[in-house]
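Here is the file start14.txt (compact mmCIF, N, CA and C atoms).
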```txt
# COMPACT_ATOMS: atom_id res chain seq x y z
N MET W 27 -144.10 16.72 -40.91
CA MET W 27 -143.81 17.43 -39.68
C MET W 27 -145.13 17.91 -39.06
N ASN W 28 -145.17 17.87 -37.73
CA ASN W 28 -146.37 18.33 -37.04
C ASN W 28 -145.98 18.99 -35.71
N ASN W 29 -146.92 19.65 -35.11
CA ASN W 29 -146.66 20.26 -33.81
C ASN W 29 -147.58 19.68 -32.74
N LEU W 30 -147.87 18.39 -32.86
CA LEU W 30 -148.78 17.73 -31.93
C LEU W 30 -148.28 17.75 -30.50
N LYS W 31 -147.01 17.49 -30.30
CA LYS W 31 -146.49 17.46 -28.93
C LYS W 31 -146.66 18.82 -28.27
N GLU W 32 -146.32 19.86 -29.00
CA GLU W 32 -146.46 21.23 -28.47
C GLU W 32 -147.92 21.53 -28.13
N LEU W 33 -148.83 21.17 -29.02
CA LEU W 33 -150.25 21.41 -28.78
C LEU W 33 -150.74 20.63 -27.57
N ARG W 34 -150.31 19.39 -27.47
CA ARG W 34 -150.73 18.52 -26.35
C ARG W 34 -150.22 19.07 -25.03
N ILE W 35 -148.96 19.48 -24.99
CA ILE W 35 -148.37 20.00 -23.76
C ILE W 35 -149.05 21.31 -23.34
N LYS W 36 -149.36 22.17 -24.32
CA LYS W 36 -150.05 23.43 -24.01
C LYS W 36 -151.39 23.18 -23.32
N LYS W 37 -152.05 22.08 -23.68
CA LYS W 37 -153.34 21.75 -23.09
C LYS W 37 -153.19 20.85 -21.86
N ASN W 38 -151.92 20.60 -21.47
CA ASN W 38 -151.63 19.78 -20.29
C ASN W 38 -152.28 18.39 -20.38
N LEU W 39 -152.13 17.77 -21.54
CA LEU W 39 -152.70 16.45 -21.78
C LEU W 39 -151.60 15.40 -21.90
N LYS W 40 -151.95 14.18 -21.60
CA LYS W 40 -151.06 13.04 -21.80
C LYS W 40 -151.40 12.42 -23.16
N GLN W 41 -150.42 11.74 -23.74
CA GLN W 41 -150.66 11.05 -25.01
C GLN W 41 -151.86 10.12 -24.91
N ARG W 42 -151.96 9.43 -23.80
CA ARG W 42 -153.05 8.48 -23.58
C ARG W 42 -154.41 9.17 -23.68
N GLU W 43 -154.53 10.36 -23.11
CA GLU W 43 -155.80 11.09 -23.14
C GLU W 43 -156.19 11.48 -24.55
N VAL W 44 -155.23 11.96 -25.32
CA VAL W 44 -155.51 12.35 -26.70
C VAL W 44 -155.87 11.11 -27.52
N ALA W 45 -155.09 10.06 -27.38
CA ALA W 45 -155.33 8.83 -28.13
C ALA W 45 -156.72 8.27 -27.84
N GLU W 46 -157.11 8.23 -26.57
CA GLU W 46 -158.44 7.72 -26.20
C GLU W 46 -159.54 8.58 -26.82
N ALA W 47 -159.37 9.88 -26.80
CA ALA W 47 -160.37 10.78 -27.37
C ALA W 47 -160.50 10.57 -28.88
N LEU W 48 -159.41 10.19 -29.53
CA LEU W 48 -159.40 9.98 -30.97
C LEU W 48 -159.77 8.55 -31.36
N GLY W 49 -159.81 7.65 -30.40
CA GLY W 49 -160.15 6.26 -30.68
C GLY W 49 -159.01 5.47 -31.30
N ILE W 50 -157.77 5.84 -30.95
CA ILE W 50 -156.60 5.12 -31.45
C ILE W 50 -155.73 4.71 -30.26
N THR W 51 -154.74 3.87 -30.51
CA THR W 51 -153.87 3.44 -29.42
C THR W 51 -152.87 4.55 -29.07
N THR W 52 -152.42 4.51 -27.84
CA THR W 52 -151.42 5.47 -27.39
C THR W 52 -150.14 5.31 -28.20
N SER W 53 -149.79 4.07 -28.50
CA SER W 53 -148.60 3.78 -29.29
C SER W 53 -148.68 4.43 -30.67
N TYR W 54 -149.81 4.28 -31.33
CA TYR W 54 -149.99 4.86 -32.67
C TYR W 54 -149.94 6.38 -32.60
N TYR W 55 -150.62 6.96 -31.62
CA TYR W 55 -150.59 8.41 -31.47
C TYR W 55 -149.15 8.89 -31.24
N GLY W 56 -148.42 8.18 -30.40
CA GLY W 56 -147.02 8.56 -30.14
C GLY W 56 -146.18 8.54 -31.40
N MET W 57 -146.40 7.55 -32.26
CA MET W 57 -145.65 7.49 -33.51
C MET W 57 -146.02 8.66 -34.44
N ILE W 58 -147.29 9.03 -34.45
CA ILE W 58 -147.71 10.19 -35.26
C ILE W 58 -147.05 11.45 -34.71
N GLU W 59 -147.07 11.59 -33.40
CA GLU W 59 -146.48 12.77 -32.76
C GLU W 59 -144.99 12.88 -33.08
N LEU W 60 -144.30 11.76 -33.13
CA LEU W 60 -142.86 11.75 -33.43
C LEU W 60 -142.56 11.85 -34.92
N GLY W 61 -143.60 11.77 -35.75
CA GLY W 61 -143.39 11.83 -37.19
C GLY W 61 -142.98 10.52 -37.80
N LYS W 62 -143.13 9.42 -37.05
CA LYS W 62 -142.76 8.10 -37.56
C LYS W 62 -143.89 7.45 -38.35
N ARG W 63 -145.11 7.94 -38.16
CA ARG W 63 -146.28 7.44 -38.91
C ARG W 63 -147.07 8.64 -39.40
N GLU W 64 -147.71 8.48 -40.54
CA GLU W 64 -148.57 9.52 -41.11
C GLU W 64 -150.02 9.10 -40.88
N PRO W 65 -150.83 9.97 -40.31
CA PRO W 65 -152.24 9.60 -40.12
C PRO W 65 -152.99 9.65 -41.44
N SER W 66 -154.07 8.90 -41.50
CA SER W 66 -154.95 9.00 -42.68
C SER W 66 -155.53 10.41 -42.69
N LEU W 67 -156.09 10.79 -43.82
CA LEU W 67 -156.71 12.11 -43.92
C LEU W 67 -157.85 12.23 -42.90
N GLU W 68 -158.64 11.19 -42.77
CA GLU W 68 -159.75 11.20 -41.80
C GLU W 68 -159.23 11.42 -40.38
N LEU W 69 -158.17 10.71 -40.00
CA LEU W 69 -157.61 10.86 -38.66
C LEU W 69 -156.97 12.23 -38.49
N ALA W 70 -156.30 12.72 -39.50
CA ALA W 70 -155.70 14.05 -39.43
C ALA W 70 -156.78 15.11 -39.20
N LEU W 71 -157.92 14.95 -39.85
CA LEU W 71 -159.04 15.87 -39.64
C LEU W 71 -159.57 15.77 -38.21
N ARG W 72 -159.69 14.55 -37.70
CA ARG W 72 -160.16 14.36 -36.32
C ARG W 72 -159.20 15.00 -35.33
N ILE W 73 -157.90 14.84 -35.58
CA ILE W 73 -156.89 15.42 -34.71
C ILE W 73 -156.99 16.94 -34.73
N SER W 74 -157.09 17.51 -35.91
CA SER W 74 -157.16 18.97 -35.99
C SER W 74 -158.43 19.50 -35.32
N ARG W 75 -159.53 18.81 -35.48
CA ARG W 75 -160.78 19.21 -34.80
C ARG W 75 -160.63 19.09 -33.29
N TYR W 76 -159.98 18.05 -32.85
CA TYR W 76 -159.77 17.84 -31.41
C TYR W 76 -159.05 19.04 -30.80
N PHE W 77 -158.04 19.54 -31.50
CA PHE W 77 -157.28 20.68 -31.00
C PHE W 77 -157.91 22.02 -31.40
N GLY W 78 -159.00 21.99 -32.17
CA GLY W 78 -159.69 23.21 -32.56
C GLY W 78 -158.92 24.06 -33.54
N LEU W 79 -158.17 23.40 -34.42
CA LEU W 79 -157.34 24.10 -35.39
C LEU W 79 -157.60 23.60 -36.80
N LYS W 80 -157.13 24.35 -37.78
CA LYS W 80 -157.17 23.89 -39.16
C LYS W 80 -156.12 22.81 -39.34
N ILE W 81 -156.37 21.90 -40.25
CA ILE W 81 -155.45 20.79 -40.47
C ILE W 81 -154.04 21.29 -40.82
N GLU W 82 -153.97 22.37 -41.61
CA GLU W 82 -152.66 22.89 -42.01
C GLU W 82 -151.91 23.55 -40.84
N ASP W 83 -152.63 23.88 -39.77
CA ASP W 83 -151.97 24.45 -38.60
C ASP W 83 -151.40 23.36 -37.68
N VAL W 84 -151.86 22.14 -37.88
CA VAL W 84 -151.35 21.01 -37.09
C VAL W 84 -150.27 20.26 -37.85
N PHE W 85 -150.52 20.01 -39.13
CA PHE W 85 -149.58 19.25 -39.95
C PHE W 85 -148.96 20.15 -41.00
N LYS W 86 -147.66 20.31 -40.93
CA LYS W 86 -146.97 21.22 -41.84
C LYS W 86 -146.24 20.44 -42.93
```

Whole structure, structure tokens version:
Amino acid sequence: MNNLKELRIKKNLKQREVAEALGITTSYYGMIELGKREPSLELALRISRYFGLKIEDVFK
């Protein structure tokens, strides 16, 4: 479980913008956001840094 959608909406971002910043496809980011895919530890760290949060605050 994660709160990526909530974090993204709070920052008024589109999935495409977050995915491009992370260097992944929009499709893959969308699947992570929906909980259909689990990111690697490296990607999870990049995501948490992108949102300026601890990894445990993004992924529960």

Exercise for the section: Excluding range 58-70 of chain W and residues on its chain fewer than 6 positions from it, collect all residues at most 8 Å away from it, counting all atoms listed in the file, and give them as a PyMOL selection string. Expected result: chain W and resi 27-31+48+52+76+80-81+85

Problem - Coordinates-based distance that separates atom C of Arg72 in chain W from CA of Val44 in chain W (Å, one decimal) - result: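 One can read the CA of Val44 in chain W to atom C of Arg72 in chain W distance as 9.8 Å.
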
Please determine an axis-aligned box that encloses all atoms of range 44-61 of chain W listed in the file, with 3 Å added on each side, and express its centre and edge lengths in Å to one decimal as JSON.
```
{"center_x": -151.5, "center_y": 8.2, "center_z": -31.6, "size_x": 23.9, "size_y": 15.4, "size_z": 18.5}
```

Practice task
Work out how far apart CA of Gly56 in chain W and CA of Arg34 in chain W are and give it in Å to one decimal.
Solution key: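 Taking CA of Gly56 in chain W as the start and CA of Arg34 in chain W as the end point, the length is 11.3 Å.
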
Only N, CA, C and O atoms, as an mmCIF file, in the first residue's frame: that is what I want for range 36-64 of chain W.
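part-v5.cif written:
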```cif
data_model
loop_
_atom_site.group_PDB
_atom_site.id
_atom_site.type_symbol
_atom_site.label_atom_id
_atom_site.label_comp_id
_atom_site.auth_asym_id
_atom_site.auth_seq_id
_atom_site.Cartn_x
_atom_site.Cartn_y
_atom_site.Cartn_z
ATOM 1 N N LYS W 36 -1.585 16.407 -4.181
ATOM 2 C CA LYS W 36 -1.264 17.547 -3.310
ATOM 3 C C LYS W 36 -0.275 18.497 -3.972
ATOM 4 O O LYS W 36 -0.318 19.698 -3.749
ATOM 5 N N LYS W 37 0.628 17.942 -4.786
ATOM 6 C CA LYS W 37 1.626 18.764 -5.468
ATOM 7 C C LYS W 37 1.149 19.206 -6.855
ATOM 8 O O LYS W 37 1.910 19.820 -7.602
ATOM 9 N N ASN W 38 -0.120 18.866 -7.164
ATOM 10 C CA ASN W 38 -0.723 19.254 -8.446
ATOM 11 C C ASN W 38 0.107 18.759 -9.640
ATOM 12 O O ASN W 38 0.372 19.513 -10.582
ATOM 13 N N LEU W 39 0.512 17.499 -9.575
ATOM 14 C CA LEU W 39 1.318 16.894 -10.631
ATOM 15 C C LEU W 39 0.522 15.840 -11.381
ATOM 16 O O LEU W 39 -0.382 15.225 -10.830
ATOM 17 N N LYS W 40 0.906 15.615 -12.613
ATOM 18 C CA LYS W 40 0.341 14.532 -13.413
ATOM 19 C C LYS W 40 1.266 13.321 -13.286
ATOM 20 O O LYS W 40 2.454 13.462 -13.012
ATOM 21 N N GLN W 41 0.702 12.143 -13.498
ATOM 22 C CA GLN W 41 1.512 10.921 -13.452
ATOM 23 C C GLN W 41 2.696 11.033 -14.398
ATOM 24 O O GLN W 41 3.801 10.621 -14.060
ATOM 25 N N ARG W 42 2.468 11.583 -15.563
ATOM 26 C CA ARG W 42 3.517 11.728 -16.572
ATOM 27 C C ARG W 42 4.692 12.543 -16.034
ATOM 28 O O ARG W 42 5.852 12.195 -16.249
ATOM 29 N N GLU W 43 4.403 13.614 -15.314
ATOM 30 C CA GLU W 43 5.456 14.471 -14.774
ATOM 31 C C GLU W 43 6.307 13.735 -13.745
ATOM 32 O O GLU W 43 7.542 13.844 -13.754
ATOM 33 N N VAL W 44 5.654 12.992 -12.877
ATOM 34 C CA VAL W 44 6.387 12.233 -11.853
ATOM 35 C C VAL W 44 7.214 11.139 -12.523
ATOM 36 O O VAL W 44 8.395 10.971 -12.221
ATOM 37 N N ALA W 45 6.600 10.413 -13.442
ATOM 38 C CA ALA W 45 7.298 9.326 -14.131
ATOM 39 C C ALA W 45 8.534 9.841 -14.867
ATOM 40 O O ALA W 45 9.609 9.239 -14.775
ATOM 41 N N GLU W 46 8.400 10.958 -15.575
ATOM 42 C CA GLU W 46 9.541 11.527 -16.303
ATOM 43 C C GLU W 46 10.656 11.925 -15.340
ATOM 44 O O GLU W 46 11.833 11.675 -15.617
ATOM 45 N N ALA W 47 10.303 12.512 -14.217
ATOM 46 C CA ALA W 47 11.305 12.921 -13.231
ATOM 47 C C ALA W 47 12.038 11.713 -12.654
ATOM 48 O O ALA W 47 13.217 11.806 -12.309
ATOM 49 N N LEU W 48 11.344 10.583 -12.567
ATOM 50 C CA LEU W 48 11.928 9.364 -12.008
ATOM 51 C C LEU W 48 12.628 8.509 -13.066
ATOM 52 O O LEU W 48 13.308 7.544 -12.734
ATOM 53 N N GLY W 49 12.421 8.826 -14.331
ATOM 54 C CA GLY W 49 13.046 8.058 -15.405
ATOM 55 C C GLY W 49 12.364 6.732 -15.686
ATOM 56 O O GLY W 49 13.014 5.773 -16.094
ATOM 57 N N ILE W 50 11.045 6.679 -15.448
ATOM 58 C CA ILE W 50 10.279 5.459 -15.719
ATOM 59 C C ILE W 50 9.093 5.821 -16.615
ATOM 60 O O ILE W 50 8.789 6.994 -16.803
ATOM 61 N N THR W 51 8.409 4.812 -17.131
ATOM 62 C CA THR W 51 7.256 5.086 -17.982
ATOM 63 C C THR W 51 6.051 5.491 -17.139
ATOM 64 O O THR W 51 5.938 5.118 -15.960
ATOM 65 N N THR W 52 5.176 6.241 -17.763
ATOM 66 C CA THR W 52 3.942 6.648 -17.093
ATOM 67 C C THR W 52 3.119 5.424 -16.720
ATOM 68 O O THR W 52 2.522 5.360 -15.642
ATOM 69 N N SER W 53 3.103 4.442 -17.599
ATOM 70 C CA SER W 53 2.361 3.209 -17.353
ATOM 71 C C SER W 53 2.868 2.501 -16.099
ATOM 72 O O SER W 53 2.080 2.072 -15.253
ATOM 73 N N TYR W 54 4.185 2.377 -15.982
ATOM 74 C CA TYR W 54 4.774 1.703 -14.820
ATOM 75 C C TYR W 54 4.480 2.492 -13.550
ATOM 76 O O TYR W 54 4.099 1.917 -12.531
ATOM 77 N N TYR W 55 4.628 3.806 -13.603
ATOM 78 C CA TYR W 55 4.331 4.625 -12.432
ATOM 79 C C TYR W 55 2.865 4.452 -12.024
ATOM 80 O O TYR W 55 2.558 4.307 -10.843
ATOM 81 N N GLY W 56 1.974 4.447 -12.999
ATOM 82 C CA GLY W 56 0.547 4.268 -12.703
ATOM 83 C C GLY W 56 0.272 2.946 -12.012
ATOM 84 O O GLY W 56 -0.537 2.882 -11.079
ATOM 85 N N MET W 57 0.952 1.891 -12.440
ATOM 86 C CA MET W 57 0.766 0.589 -11.800
ATOM 87 C C MET W 57 1.280 0.603 -10.358
ATOM 88 O O MET W 57 0.674 -0.003 -9.479
ATOM 89 N N ILE W 58 2.389 1.293 -10.124
ATOM 90 C CA ILE W 58 2.911 1.412 -8.757
ATOM 91 C C ILE W 58 1.911 2.188 -7.904
ATOM 92 O O ILE W 58 1.596 1.790 -6.780
ATOM 93 N N GLU W 59 1.400 3.275 -8.454
ATOM 94 C CA GLU W 59 0.442 4.109 -7.723
ATOM 95 C C GLU W 59 -0.807 3.317 -7.346
ATOM 96 O O GLU W 59 -1.359 3.490 -6.266
ATOM 97 N N LEU W 60 -1.248 2.441 -8.231
ATOM 98 C CA LEU W 60 -2.439 1.623 -7.977
ATOM 99 C C LEU W 60 -2.149 0.397 -7.110
ATOM 100 O O LEU W 60 -3.069 -0.318 -6.713
ATOM 101 N N GLY W 61 -0.874 0.146 -6.836
ATOM 102 C CA GLY W 61 -0.515 -1.015 -6.032
ATOM 103 C C GLY W 61 -0.460 -2.304 -6.814
ATOM 104 O O GLY W 61 -0.396 -3.391 -6.234
ATOM 105 N N LYS W 62 -0.451 -2.204 -8.154
ATOM 106 C CA LYS W 62 -0.397 -3.402 -8.992
ATOM 107 C C LYS W 62 1.028 -3.867 -9.239
ATOM 108 O O LYS W 62 1.248 -4.994 -9.669
ATOM 109 N N ARG W 63 1.999 -2.985 -9.003
ATOM 110 C CA ARG W 63 3.422 -3.329 -9.141
ATOM 111 C C ARG W 63 4.158 -2.795 -7.927
ATOM 112 O O ARG W 63 3.795 -1.774 -7.369
ATOM 113 N N GLU W 64 5.204 -3.487 -7.530
ATOM 114 C CA GLU W 64 6.053 -3.063 -6.421
ATOM 115 C C GLU W 64 7.344 -2.506 -7.010
ATOM 116 O O GLU W 64 8.000 -3.182 -7.808
#
```
